[in-house]
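Structure file start-v3.csv; described as CSV, C-alpha atoms and all ligand atoms.
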```csv
chain,number,residue,atom,x,y,z
A,1,MET,CA,-23.8,4.6,50.3
A,2,ASN,CA,-23.1,0.9,49.8
A,3,ARG,CA,-19.9,-0.6,51.1
A,4,PHE,CA,-18.1,-0.5,47.8
A,5,ALA,CA,-19.1,3.0,47.0
A,6,GLY,CA,-17.9,4.0,50.5
A,7,ALA,CA,-14.5,2.4,49.9
A,8,LEU,CA,-14.3,4.0,46.5
A,9,ALA,CA,-15.1,7.4,47.9
A,10,ALA,CA,-12.5,6.9,50.6
A,11,LEU,CA,-10.0,5.9,48.0
A,12,CYS,CA,-10.8,9.1,46.0
A,13,LEU,CA,-10.6,11.2,49.1
A,14,ALA,CA,-7.3,9.7,50.1
A,15,ALA,CA,-5.8,9.9,46.6
A,16,ALA,CA,-7.1,13.4,45.7
A,17,GLY,CA,-4.2,15.0,47.5
A,18,THR,CA,-1.5,13.0,45.8
A,19,THR,CA,-2.0,12.7,42.1
A,20,ALA,CA,-4.5,12.6,39.4
A,21,VAL,CA,-6.8,9.6,40.1
A,22,VAL,CA,-8.1,7.1,37.6
A,23,VAL,CA,-10.8,5.3,39.4
A,24,ALA,CA,-10.7,1.7,38.4
A,25,GLY,CA,-14.3,1.2,38.9
A,26,PRO,CA,-16.5,-1.8,38.3
A,27,ALA,CA,-18.4,-2.4,35.1
A,28,ALA,CA,-21.2,-0.5,36.7
A,29,ALA,CA,-21.3,3.2,36.2
A,30,ALA,CA,-18.5,5.0,38.0
A,31,PRO,CA,-19.6,8.1,39.9
A,32,ALA,CA,-19.6,11.3,37.8
A,33,CYS,CA,-17.6,13.0,40.5
A,34,SER,CA,-16.6,13.0,44.1
A,35,VAL,CA,-16.0,16.0,46.3
A,36,ALA,CA,-13.9,16.4,49.3
A,37,TYR,CA,-15.1,19.5,51.2
A,38,ARG,CA,-12.6,20.4,53.9
A,39,VAL,CA,-13.6,23.1,56.3
A,40,ASN,CA,-11.6,25.2,58.6
A,41,GLN,CA,-13.9,27.3,60.7
A,42,TRP,CA,-14.1,29.7,63.6
A,43,GLN,CA,-16.8,31.4,65.5
A,44,THR,CA,-18.4,33.4,62.7
A,45,GLY,CA,-16.5,32.4,59.6
A,46,TYR,CA,-14.9,29.6,57.7
A,47,THR,CA,-12.8,28.6,54.7
A,48,ALA,CA,-13.4,25.5,52.6
A,49,ASP,CA,-11.0,23.7,50.4
A,50,ILE,CA,-13.0,21.9,47.8
A,51,ALA,CA,-11.3,19.1,45.9
A,52,VAL,CA,-13.3,17.6,43.0
A,53,THR,CA,-12.3,14.3,41.4
A,54,ASN,CA,-13.8,14.0,37.9
A,55,GLY,CA,-15.5,10.8,36.7
A,56,ALA,CA,-15.0,9.1,33.3
A,57,THR,CA,-15.7,12.1,31.1
A,58,ALA,CA,-13.0,14.6,30.3
A,59,LEU,CA,-14.1,18.2,30.8
A,60,SER,CA,-13.0,21.4,29.1
A,61,SER,CA,-14.7,23.6,31.7
A,62,TRP,CA,-16.6,22.8,34.8
A,63,THR,CA,-19.3,24.1,37.1
A,64,LEU,CA,-19.8,22.7,40.6
A,65,THR,CA,-23.1,23.4,42.3
A,66,TRP,CA,-24.4,22.7,45.8
A,67,HIS,CA,-26.8,24.1,48.4
A,68,TYR,CA,-26.1,25.1,51.9
A,69,ALA,CA,-28.4,23.9,54.6
A,70,GLY,CA,-27.8,26.9,56.8
A,71,ASN,CA,-27.1,30.6,56.4
A,72,GLN,CA,-23.6,30.2,55.1
A,73,SER,CA,-22.7,33.2,52.9
A,74,VAL,CA,-19.7,33.0,50.6
A,75,THR,CA,-17.6,36.2,50.7
A,76,SER,CA,-14.7,35.4,48.5
A,77,ALA,CA,-13.1,32.5,46.6
A,78,TRP,CA,-9.9,31.5,44.8
A,79,ASN,CA,-9.3,29.3,41.8
A,80,ALA,CA,-13.0,29.5,40.8
A,81,THR,CA,-15.7,32.1,40.3
A,82,VAL,CA,-18.2,31.5,43.0
A,83,ARG,CA,-21.7,32.9,43.0
A,84,GLN,CA,-24.4,32.5,45.5
A,85,SER,CA,-28.2,33.0,45.3
A,86,GLY,CA,-29.9,32.2,48.5
A,87,THR,CA,-28.7,28.8,49.6
A,88,ALA,CA,-27.6,27.8,46.0
A,89,VAL,CA,-23.9,28.1,45.2
A,90,THR,CA,-22.3,27.9,41.8
A,91,ALA,CA,-18.5,27.6,41.3
A,92,GLU,CA,-17.2,27.9,37.8
A,93,SER,CA,-13.8,27.1,36.5
A,94,LEU,CA,-11.3,29.7,35.4
A,95,PRO,CA,-9.4,29.7,32.1
A,96,TYR,CA,-6.4,28.1,33.7
A,97,ASN,CA,-8.1,25.2,35.5
A,98,GLY,CA,-11.1,24.3,33.3
A,99,SER,CA,-9.6,21.4,31.6
A,100,VAL,CA,-9.9,18.2,33.7
A,101,PRO,CA,-9.1,14.8,32.3
A,102,ALA,CA,-11.2,11.7,33.1
A,103,GLY,CA,-10.3,10.8,36.7
A,104,GLY,CA,-8.5,14.1,37.2
A,105,SER,CA,-8.8,16.4,40.1
A,106,ILE,CA,-9.1,20.1,40.6
A,107,SER,CA,-9.4,22.2,43.7
A,108,PHE,CA,-10.5,25.6,44.7
A,109,GLY,CA,-11.3,27.5,47.9
A,110,LEU,CA,-13.7,29.9,49.4
A,111,GLN,CA,-14.3,31.9,52.5
A,112,GLY,CA,-17.6,32.7,54.1
A,113,THR,CA,-19.5,33.6,57.1
A,114,TYR,CA,-22.1,31.7,59.0
A,115,SER,CA,-23.9,31.4,62.4
A,116,GLY,CA,-25.2,28.3,64.0
A,117,THR,CA,-24.2,25.0,62.3
A,118,ASN,CA,-21.9,25.0,59.4
A,119,ALA,CA,-23.0,21.7,57.8
A,120,THR,CA,-21.1,20.2,54.9
A,121,PRO,CA,-23.2,20.3,51.7
A,122,THR,CA,-24.5,16.9,50.4
A,123,ASP,CA,-25.8,17.7,46.9
A,124,PHE,CA,-22.8,18.4,44.8
A,125,ALA,CA,-23.3,18.3,41.1
A,126,LEU,CA,-20.6,18.6,38.4
A,127,ASN,CA,-21.7,20.1,35.1
A,128,GLY,CA,-25.3,19.3,36.1
A,129,VAL,CA,-24.6,15.6,37.0
A,130,PRO,CA,-25.1,14.8,40.7
A,131,CYS,CA,-22.0,13.4,42.3
A,132,GLY,CA,-24.0,10.9,44.3
A,133,ASP,CA,-23.1,10.1,47.8
A,134,PRO,CA,-20.6,12.7,49.0
A,135,ALA,CA,-17.2,11.7,50.2
A,136,PRO,CA,-17.0,11.5,53.9
A,137,PRO,CA,-16.8,15.1,55.2
A,138,THR,CA,-13.7,16.0,57.0
A,139,SER,CA,-13.3,19.0,59.3
A,140,THR,CA,-9.7,18.5,60.2
A,141,THR,CA,-6.7,19.8,58.3
A,142,PRO,CA,-4.9,17.1,56.4
A,143,THR,CA,-1.7,16.0,58.0
A,144,THR,CA,0.3,16.3,54.9
A,145,PRO,CA,0.1,19.3,52.5
A,146,THR,CA,-1.7,18.6,49.3
A,147,THR,CA,0.3,19.3,46.2
A,148,ALA,CA,-1.1,17.6,43.1
A,149,THR,CA,-4.6,19.1,43.4
A,150,THR,CA,-3.3,22.7,43.1
A,151,PRO,CA,-3.5,24.4,39.8
A,152,THR,CA,-0.4,25.3,37.8
A,153,SER,CA,-1.2,29.0,37.9
A,154,PRO,CA,-1.5,31.6,39.2
A,155,THR,CA,-1.7,30.4,42.7
A,156,THR,CA,-0.5,27.2,44.3
A,157,THR,CA,-1.7,27.5,47.9
A,158,THR,CA,-4.8,28.1,49.8
A,159,SER,CA,-5.0,30.2,52.9
A,160,GLY,CA,-7.2,29.9,55.9
A,161,PRO,CA,-7.9,31.5,59.3
A,162,PRO,CA,-6.6,30.5,62.6
A,163,PRO,CA,-9.2,29.1,65.1
A,164,ALA,CA,-8.7,32.0,67.5
A,165,GLY,CA,-8.2,35.8,67.1
A,166,CYS,CA,-10.8,36.1,64.3
A,167,ALA,CA,-14.0,36.8,66.2
A,168,GLY,CA,-16.1,39.1,64.0
A,169,ALA,CA,-13.7,38.9,61.1
A,170,THR,CA,-14.8,38.4,57.5
A,171,ILE,CA,-11.2,37.9,56.4
A,172,CYS,CA,-8.8,36.3,58.7
A,173,ASP,CA,-5.5,34.7,57.8
A,174,ASP,CA,-2.5,33.4,59.8
A,175,PHE,CA,-0.6,32.3,56.7
A,176,GLU,CA,-0.2,28.8,58.1
A,177,GLN,CA,-1.7,27.1,55.1
A,178,GLN,CA,0.7,28.8,52.7
A,179,THR,CA,2.9,26.1,51.3
A,180,GLY,CA,4.7,28.0,48.5
A,181,SER,CA,7.2,30.7,48.7
A,182,THR,CA,4.9,33.3,47.1
A,183,PRO,CA,1.7,34.0,49.1
A,184,GLY,CA,-1.3,32.5,47.3
A,185,GLY,CA,-4.9,31.8,48.0
A,186,ARG,CA,-6.7,35.1,48.5
A,187,TRP,CA,-3.4,37.0,48.3
A,188,THR,CA,-1.7,38.4,45.3
A,189,VAL,CA,1.7,40.0,45.2
A,190,GLY,CA,2.4,43.1,43.3
A,191,ALA,CA,4.4,46.2,42.8
A,192,ALA,CA,2.4,49.4,42.3
A,193,ASN,CA,4.7,51.0,39.8
A,194,CYS,CA,7.4,48.8,38.4
A,195,THR,CA,9.3,45.7,39.4
A,196,GLY,CA,12.5,46.3,41.3
A,197,THR,CA,14.3,44.7,44.2
A,198,GLY,CA,11.4,44.7,46.7
A,199,THR,CA,10.2,41.2,47.5
A,200,VAL,CA,7.3,39.5,49.2
A,201,ALA,CA,7.6,35.9,50.4
A,202,VAL,CA,6.1,33.4,52.8
A,203,ASP,CA,8.6,33.1,55.7
A,204,GLY,CA,9.0,30.1,57.9
A,205,THR,CA,11.6,31.6,60.3
A,206,VAL,CA,9.6,34.4,61.9
A,207,ALA,CA,6.0,34.2,62.9
A,208,HIS,CA,3.5,35.8,65.3
A,209,SER,CA,1.3,32.8,65.2
A,210,GLY,CA,2.3,29.3,64.2
A,211,SER,CA,5.3,29.0,62.1
A,212,ARG,CA,4.7,31.2,59.1
A,213,SER,CA,4.3,34.8,58.3
A,214,VAL,CA,4.8,37.0,55.2
A,215,LYS,CA,8.1,38.8,54.8
A,216,VAL,CA,8.4,42.0,52.9
A,217,THR,CA,11.8,43.1,51.9
A,218,GLY,CA,11.2,46.7,51.0
A,219,GLN,CA,13.8,48.8,49.3
A,220,GLY,CA,13.9,52.6,48.7
A,221,GLY,CA,12.9,54.0,45.4
A,222,TYR,CA,9.9,54.1,43.1
A,223,CYS,CA,10.4,50.7,41.5
A,224,ASN,CA,11.0,48.8,44.8
A,225,HIS,CA,7.6,49.0,46.2
A,226,ALA,CA,6.2,45.6,47.1
A,227,PHE,CA,2.8,44.6,48.5
A,228,LEU,CA,0.7,41.6,49.4
A,229,GLY,CA,-2.9,42.4,48.6
A,230,THR,CA,-6.4,41.1,48.8
A,231,SER,CA,-9.8,42.3,47.8
A,232,LEU,CA,-12.2,43.6,50.3
A,233,SER,CA,-15.3,42.5,48.4
A,234,GLY,CA,-17.9,41.1,50.7
A,235,LEU,CA,-17.2,43.5,53.5
A,236,GLY,CA,-20.2,45.7,52.8
A,237,SER,CA,-20.3,49.5,52.9
A,238,GLY,CA,-20.4,50.0,56.7
A,239,PRO,CA,-17.4,50.8,58.9
A,240,LEU,CA,-14.3,48.8,58.0
A,241,PHE,CA,-12.1,47.4,60.8
A,242,GLY,CA,-8.7,46.0,60.2
A,243,ARG,CA,-6.1,44.3,62.4
A,244,PHE,CA,-2.7,42.9,61.6
A,245,TRP,CA,0.5,42.1,63.4
A,246,VAL,CA,3.7,43.7,62.0
A,247,ARG,CA,7.3,43.3,63.0
A,248,HIS,CA,9.9,45.5,61.3
A,249,THR,CA,13.6,46.1,61.4
A,250,THR,CA,14.4,49.7,60.8
A,251,ALA,CA,12.9,52.6,62.8
A,252,LEU,CA,10.4,54.7,61.0
A,253,PRO,CA,12.5,57.3,59.2
A,254,THR,CA,12.2,61.1,58.9
A,255,GLY,CA,11.1,60.6,55.3
A,256,HIS,CA,7.6,59.5,54.2
A,257,VAL,CA,7.0,55.7,54.0
A,258,ALA,CA,3.9,53.5,53.9
A,259,PHE,CA,3.3,49.9,55.0
A,260,MET,CA,-0.4,49.7,54.2
A,261,ALA,CA,-2.4,51.0,51.2
A,262,LEU,CA,-6.1,50.8,50.6
A,263,ARG,CA,-7.6,51.7,47.3
A,264,ASP,CA,-10.3,54.4,47.6
A,265,THR,CA,-12.8,54.3,44.8
A,266,ALA,CA,-14.5,57.4,46.2
A,267,ASP,CA,-11.2,59.3,45.8
A,268,GLY,CA,-10.4,58.6,42.2
A,269,GLY,CA,-8.9,55.2,42.9
A,270,ARG,CA,-6.1,56.8,44.9
A,271,ASP,CA,-4.7,55.1,48.0
A,272,LEU,CA,-5.4,55.7,51.6
A,273,ARG,CA,-2.0,54.9,53.2
A,274,ALA,CA,-0.7,54.1,56.6
A,275,GLY,CA,2.9,54.4,57.4
A,276,GLY,CA,5.3,56.9,59.0
A,277,GLN,CA,7.0,60.2,58.7
A,278,ASN,CA,9.2,62.1,61.2
A,279,ARG,CA,9.8,58.8,63.0
A,280,ALA,CA,6.1,58.3,64.0
A,281,LEU,CA,3.1,56.6,62.5
A,282,GLN,CA,0.9,58.6,60.2
A,283,TRP,CA,-1.9,58.3,57.6
A,284,ASN,CA,-1.6,59.9,54.2
A,285,ARG,CA,-4.1,60.5,51.5
A,286,GLU,CA,-2.5,60.0,48.1
A,287,SER,CA,-5.0,62.3,46.3
A,288,ASP,CA,-4.0,65.5,48.1
A,289,ASP,CA,-1.0,64.3,50.2
A,290,ALA,CA,-2.9,65.3,53.4
A,291,THR,CA,-1.2,63.8,56.4
A,292,LEU,CA,-2.7,62.6,59.8
A,293,PRO,CA,-1.5,64.0,62.1
A,294,ALA,CA,-0.2,67.2,60.6
A,295,GLN,CA,3.5,67.0,60.5
A,296,SER,CA,4.1,69.9,62.9
A,297,PRO,CA,6.1,69.0,66.0
A,298,ALA,CA,2.9,69.2,68.1
A,299,GLY,CA,1.1,66.9,65.6
A,300,VAL,CA,3.9,64.4,65.4
A,301,ALA,CA,4.1,64.3,69.2
A,302,GLN,CA,0.5,63.0,69.3
A,303,SER,CA,1.5,60.0,67.2
A,304,VAL,CA,3.8,57.1,68.3
A,305,PRO,CA,6.8,55.3,66.8
A,306,LEU,CA,6.6,51.7,65.7
A,307,ALA,CA,8.9,49.5,67.8
A,308,THR,CA,11.5,47.5,65.9
A,309,GLY,CA,12.4,43.8,66.5
A,310,THR,CA,9.1,43.0,68.1
A,311,TRP,CA,5.5,42.2,67.0
A,312,SER,CA,3.1,45.1,67.1
A,313,CYS,CA,-0.7,45.0,66.7
A,314,PHE,CA,-2.0,47.6,64.4
A,315,GLU,CA,-5.7,48.2,64.3
A,316,PHE,CA,-7.8,50.7,62.3
A,317,GLU,CA,-11.4,51.7,61.7
A,318,VAL,CA,-12.4,53.6,58.6
A,319,ASP,CA,-16.0,54.8,58.6
A,320,GLY,CA,-16.7,56.0,55.1
A,321,ALA,CA,-20.2,57.3,55.6
A,322,ALA,CA,-19.1,59.4,58.6
A,323,GLY,CA,-15.7,60.3,57.0
A,324,GLN,CA,-14.0,59.2,60.2
A,325,LEU,CA,-10.8,57.2,61.1
A,326,ARG,CA,-9.4,55.7,64.2
A,327,THR,CA,-6.2,53.9,64.9
A,328,TRP,CA,-4.9,51.7,67.7
A,329,LEU,CA,-1.4,50.4,68.4
A,330,ASN,CA,-1.2,47.4,70.7
A,331,SER,CA,-4.8,48.1,71.7
A,332,ALA,CA,-4.2,51.7,72.7
A,333,GLU,CA,-5.8,54.4,70.6
A,334,VAL,CA,-3.3,56.8,69.1
A,335,PRO,CA,-4.7,60.4,69.6
A,336,GLY,CA,-2.9,61.8,66.6
A,337,LEU,CA,-4.3,59.2,64.3
A,338,VAL,CA,-8.0,60.1,64.7
A,339,VAL,CA,-10.3,61.8,62.2
A,340,ASP,CA,-13.4,62.5,64.3
A,341,GLY,CA,-15.2,65.1,62.1
A,342,VAL,CA,-14.2,68.0,64.2
A,343,PRO,CA,-11.2,69.8,62.8
A,344,THR,CA,-8.4,69.8,65.4
A,345,PRO,CA,-5.2,71.8,64.8
A,346,ASP,CA,-2.1,69.7,64.4
A,347,ILE,CA,-4.2,66.6,64.0
A,348,ASP,CA,-7.1,66.4,61.5
A,349,GLN,CA,-7.6,70.1,60.5
A,350,GLN,CA,-5.8,69.6,57.2
A,351,TRP,CA,-7.5,66.2,56.6
A,352,LEU,CA,-10.9,67.8,57.0
A,353,ALA,CA,-10.2,70.6,54.6
A,354,ARG,CA,-12.3,68.8,52.0
A,355,ALA,CA,-15.1,66.2,52.1
A,356,TRP,CA,-13.8,62.7,52.6
A,357,HIS,CA,-16.0,59.6,52.4
A,358,PRO,CA,-13.7,56.7,51.5
A,359,ALA,CA,-15.0,53.5,49.8
A,360,LEU,CA,-12.1,51.1,50.2
A,361,THR,CA,-11.9,48.1,47.9
A,362,ASP,CA,-8.6,46.4,48.7
A,363,LEU,CA,-6.0,45.9,51.4
A,364,ARG,CA,-2.3,45.9,50.7
A,365,LEU,CA,0.5,45.3,53.2
A,366,GLY,CA,4.1,45.9,52.3
A,367,TRP,CA,6.4,48.7,51.7
A,368,GLU,CA,6.4,52.0,49.8
A,369,SER,CA,9.1,54.5,50.3
A,370,TYR,CA,9.1,58.0,48.8
A,371,ALA,CA,12.5,59.2,50.1
A,372,GLY,CA,14.7,56.1,49.6
A,373,ASP,CA,14.2,54.5,52.9
A,374,ALA,CA,14.4,50.7,53.1
A,375,ASP,CA,12.9,48.3,55.7
A,376,THR,CA,12.3,44.6,56.2
A,377,LEU,CA,8.9,43.8,57.6
A,378,TRP,CA,6.9,40.7,58.6
A,379,TYR,CA,3.1,40.5,58.6
A,380,ASP,CA,0.9,37.9,60.3
A,381,ASP,CA,-2.6,37.3,61.6
A,382,VAL,CA,-4.3,39.7,59.2
A,383,ALA,CA,-8.0,40.2,59.8
A,384,VAL,CA,-10.7,42.5,58.4
A,385,GLY,CA,-14.3,42.8,59.4
A,386,SER,CA,-17.2,45.1,60.1
A,387,SER,CA,-16.7,45.3,63.8
A,388,ARG,CA,-13.5,45.7,65.9
A,389,ILE,CA,-11.6,42.5,66.0
A,390,GLY,CA,-9.0,43.3,68.6
A,391,CYS,CA,-5.5,41.9,69.1
A,401,CA,CA,1.3,32.7,61.2
```

Have the structure of the file written as structure tokens, please.
Amino acid sequence: MNRFAGALAALCLAAAGTTAVVVAGPAAAAPACSVAYRVNQWQTGYTADIAVTNGATALSSWTLTWHYAGNQSVTSAWNATVRQSGTAVTAESLPYNGSVPAGGSISFGLQGTYSGTNATPTDFALNGVPCGDPAPPTSTTPTTPTTATTPTSPTTTTSGPPPAGCAGATICDDFEQQTGSTPGGRWTVGAANCTGTGTVAVDGTVAHSGSRSVKVTGQGGYCNHAFLGTSLSGLGSGPLFGRFWVRHTTALPTGHVAFMALRDTADGGRDLRAGGQNRALQWNRESDDATLPAQSPAGVAQSVPLATGTWSCFEFEVDGAAGQLRTWLNSAEVPGLVVDGVPTPDIDQQWLARAWHPALTDLRLGWESYAGDADTLWYDDVAVGSSRIGC
């Protein structure tokens, strides 16, 4: 990189986060593109925010390609369709962010896994044209949030993992990189049935880590269900381990509620739900309304309440092949929330009345109330992986 090109790249990098950049280049050919690849990584995984500044040719759609030097494997992406074949990665624009004027910028993000060295790619090409010398790689988080490089819809933020508490996780998010009021990045906000008064919002007043969490204001009634959800693609078909911290306001009621739902494509697309009933934690299978534990007094006694006004660490393992399930609260296994394959009265006898081999495709956290109960909950430090992550 010659001195001028270096200065130009630095200018593009500095300006990419503030506004559309028109590079006032010399008469010589301006670069076709420049790419700022910002990594946030932990022991086994990483996210990358990738900002692309276009050259002198306006684009109606774009494809950015690169190769990884190591064993980086992309597991999910936002604001682009990202495919990987070996070390070759292709990121394609989506309908809402394909149009880029000359000098304009776009950004997208991805999450992946790696071991060893997570080197920044050096061979970016935009629509087949090499970007030339890459912008200086940066591995630190910008000190000011970027705004102008975000798309207009449907998401305006990226999310990334914390540096700790994510060992073994494929998905890990502390919500610290959320800059809008509605969770973006890998997250989508939705109501299962119809829109009511339940809400989901990034919250800067209550947090388990850092200064942000996601607040769910859940109301009673069919239309007031509200969830924050993400795909589990990339997790593979082995045992699924999840961990999140939750803080809530109103003790688990007598009536049936759920604070987590996972779509089970092996069960007609119905949900596997975690929540409460009879004032204690329980799992529920939407397809046949089986509960875990059984809601007998002896069964409920083998579950535990969920404390209010404090953060609790909820962990679960779902082994679809074995048809088994385990649950921990604050690192202690809950005996009534175990499906171990051997029917146990008051616990999993009802659950094992039929074959159950779940294939879970998404994770939703929020509030679903079937008897009119309301609660306000906060979620933080959500992690999913193929081995136990811990609290
Ligand atoms: Ca946080």

- request: Show me which residues sit within 6 Å of ligand CA 401 (chain A) when counting all atoms listed in the file, and put them as a PyMOL selection string.
  value: chain A and resi 174-176+207-213+380

- request: Counting all atoms listed in the file, note down every residue that has an atom within 9 Å of the point (-14.1, 65.6, 62.1) (file coordinates), as a list in words.
  value: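 Here the neighbourhood of the point contains Ala322, Gly323, Gln324, Val338, Val339, Asp340, Gly341, Val342, Pro343, Thr344, Asp348, Gln349, Trp351 and Leu352 of chain A.
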
- prompt: Mind listing as a ChimeraX atom specification all residues within 10 Å of (-20.1, 26.1, 58.1), counting all atoms listed in the file?
  reply: /A:39-48,68-73,111-121,139

With 12 Å as the cut-off and all atoms listed in the file counted, what is the closest atom pair between each nearby residue of range 193-299 of chain A and range 78-89 of chain A? Distances in Å to one decimal, ordered by chain and number, as a tab-separated table.
```
residue	atom	partner	partner_atom	distance
A:Thr230	CA	A:Trp78	CA	11.0
A:Ser231	CA	A:Trp78	CA	11.2
A:Gly234	CA	A:Arg83	CA	11.9
```

message: Report, in Å with one decimal, the straight-line distance from CA of Glu315 in chain A to CA of Cys391 in chain A.
response: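 About the pair CA of Glu315 in chain A and CA of Cys391 in chain A: they are 7.9 Å apart.
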
message: Would you compute the distance between CA of Asn127 in chain A and CA of Ile171 in chain A? Give it in Å to one decimal.
response: 29.7 Å

field: Pick from A:Pro239, A:Pro95, A:Pro101, A:Gly184, whichever lies nearest to Thr53 in chain A using only C-alpha atoms
entry: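 Of A:Pro239, A:Pro95, A:Pro101, A:Gly184, the one nearest Thr53 in chain A, counting only C-alpha atoms, is A:Pro101.
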
message: Between CA of Glu317 in chain A and CA of Val214 in chain A, what is the distance in Å, rounded to a tenth?
response: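 These atoms are spaced 22.8 Å apart.
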
- prompt: What lies within 8 Å of range 240-257 of chain A using only C-alpha atoms, ignoring chain neighbours under 4 positions off, as a PyMOL selection string?
  reply: chain A and resi 208+235+275-281+305-319+367-371+373-391

- request: Could you tell me which of A:Val200, A:Ala298, A:Ala169, A:Ala125 comes closest to Pro335 in chain A if we count all atoms listed in the file?
  value: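 Smallest separation from Pro335 in chain A among the options: A:Ala298.
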
- prompt: Can you tell me, as a PyMOL selection string, what residues are no more than 9 Å from Ser233 in chain A when counting all atoms listed in the file, ignoring any on the same chain fewer than 5 positions away?
  reply: chain A and resi 75-76+361-362

query: When distances are computed from all atoms listed in the file, which of A:Trp283, A:Tyr96, A:Phe227, A:Phe124 shows the smallest separation from Tyr37 in chain A?
result: A:Phe124

- prompt: Which of these, A:Gly204, A:Gly221, A:Gly198, A:Pro345, has the shortest distance to Gln178 in chain A once you count all atoms listed in the file?
  reply: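 Selected residue with least distance to Gln178 in chain A: A:Gly204.
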
Which residue of A:Ser60, A:Thr179, A:Thr217, A:Ser237 approaches Leu365 in chain A most closely, using only C-alpha atoms: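 Looking at the shortest contact to Leu365 in chain A, the residue is A:Thr217.
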
message: List the spatial neighbours of Leu228 in chain A as a list of chain:residue names - criterion: any atom at most 10 Å away, only C-alpha atoms, same-chain residues fewer than 3 positions off excluded.
response: A:Thr182, A:Pro183, A:Gly184, A:Arg186, A:Trp187, A:Thr188, A:Val189, A:Gly190, A:Ala191, A:Thr199, A:Val200, A:Ala201, A:Val214, A:Lys215, A:Val216, A:Met260, A:Leu363, A:Arg364, A:Leu365, A:Gly366, A:Trp367, A:Tyr379

message: Please list as a ChimeraX atom specification every residue within 7 Å of Asn224 in chain A, counting only C-alpha atoms and excluding residues in the same chain fewer than 5 positions away.
response: /A:195-198,218-219

Your completed range 76-90 of chain A with N, CA and C atoms, as a PDB file, keeping the file's coordinate frame:
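Saved as out.pdb:
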```
ATOM      1  N   SER A  76     -15.748  35.289  49.512  1.00  0.00           N
ATOM      2  CA  SER A  76     -14.700  35.400  48.500  1.00  0.00           C
ATOM      3  C   SER A  76     -14.260  33.952  48.142  1.00  0.00           C
ATOM      4  N   ALA A  77     -13.520  33.862  47.060  1.00  0.00           N
ATOM      5  CA  ALA A  77     -13.100  32.500  46.600  1.00  0.00           C
ATOM      6  C   ALA A  77     -11.816  32.676  45.805  1.00  0.00           C
ATOM      7  N   TRP A  78     -11.124  31.542  45.643  1.00  0.00           N
ATOM      8  CA  TRP A  78      -9.900  31.500  44.800  1.00  0.00           C
ATOM      9  C   TRP A  78      -9.925  30.279  43.953  1.00  0.00           C
ATOM     10  N   ASN A  79      -9.370  30.417  42.797  1.00  0.00           N
ATOM     11  CA  ASN A  79      -9.300  29.300  41.800  1.00  0.00           C
ATOM     12  C   ASN A  79     -10.633  28.883  41.271  1.00  0.00           C
ATOM     13  N   ALA A  80     -11.652  29.720  41.438  1.00  0.00           N
ATOM     14  CA  ALA A  80     -13.000  29.500  40.800  1.00  0.00           C
ATOM     15  C   ALA A  80     -13.748  30.798  40.981  1.00  0.00           C
ATOM     16  N   THR A  81     -14.720  30.970  40.110  1.00  0.00           N
ATOM     17  CA  THR A  81     -15.700  32.100  40.300  1.00  0.00           C
ATOM     18  C   THR A  81     -16.879  31.533  40.988  1.00  0.00           C
ATOM     19  N   VAL A  82     -17.129  32.025  42.176  1.00  0.00           N
ATOM     20  CA  VAL A  82     -18.200  31.500  43.000  1.00  0.00           C
ATOM     21  C   VAL A  82     -19.309  32.505  43.163  1.00  0.00           C
ATOM     22  N   ARG A  83     -20.511  32.067  42.853  1.00  0.00           N
ATOM     23  CA  ARG A  83     -21.700  32.900  43.000  1.00  0.00           C
ATOM     24  C   ARG A  83     -22.675  32.225  43.925  1.00  0.00           C
ATOM     25  N   GLN A  84     -23.437  33.037  44.636  1.00  0.00           N
ATOM     26  CA  GLN A  84     -24.400  32.500  45.500  1.00  0.00           C
ATOM     27  C   GLN A  84     -25.743  33.196  45.380  1.00  0.00           C
ATOM     28  N   SER A  85     -26.816  32.437  45.334  1.00  0.00           N
ATOM     29  CA  SER A  85     -28.200  33.000  45.300  1.00  0.00           C
ATOM     30  C   SER A  85     -28.975  32.241  46.336  1.00  0.00           C
ATOM     31  N   GLY A  86     -29.284  32.893  47.429  1.00  0.00           N
ATOM     32  CA  GLY A  86     -29.900  32.200  48.500  1.00  0.00           C
ATOM     33  C   GLY A  86     -29.004  31.091  49.033  1.00  0.00           C
ATOM     34  N   THR A  87     -29.502  29.872  49.095  1.00  0.00           N
ATOM     35  CA  THR A  87     -28.700  28.800  49.600  1.00  0.00           C
ATOM     36  C   THR A  87     -27.919  28.076  48.417  1.00  0.00           C
ATOM     37  N   ALA A  88     -28.239  28.456  47.176  1.00  0.00           N
ATOM     38  CA  ALA A  88     -27.600  27.800  46.000  1.00  0.00           C
ATOM     39  C   ALA A  88     -26.300  28.454  45.666  1.00  0.00           C
ATOM     40  N   VAL A  89     -25.277  27.623  45.499  1.00  0.00           N
ATOM     41  CA  VAL A  89     -23.900  28.100  45.200  1.00  0.00           C
ATOM     42  C   VAL A  89     -23.466  27.500  43.885  1.00  0.00           C
ATOM     43  N   THR A  90     -22.840  28.303  43.049  1.00  0.00           N
ATOM     44  CA  THR A  90     -22.300  27.900  41.800  1.00  0.00           C
ATOM     45  C   THR A  90     -20.837  28.264  41.698  1.00  0.00           C
TER      46      THR A  90
END
```
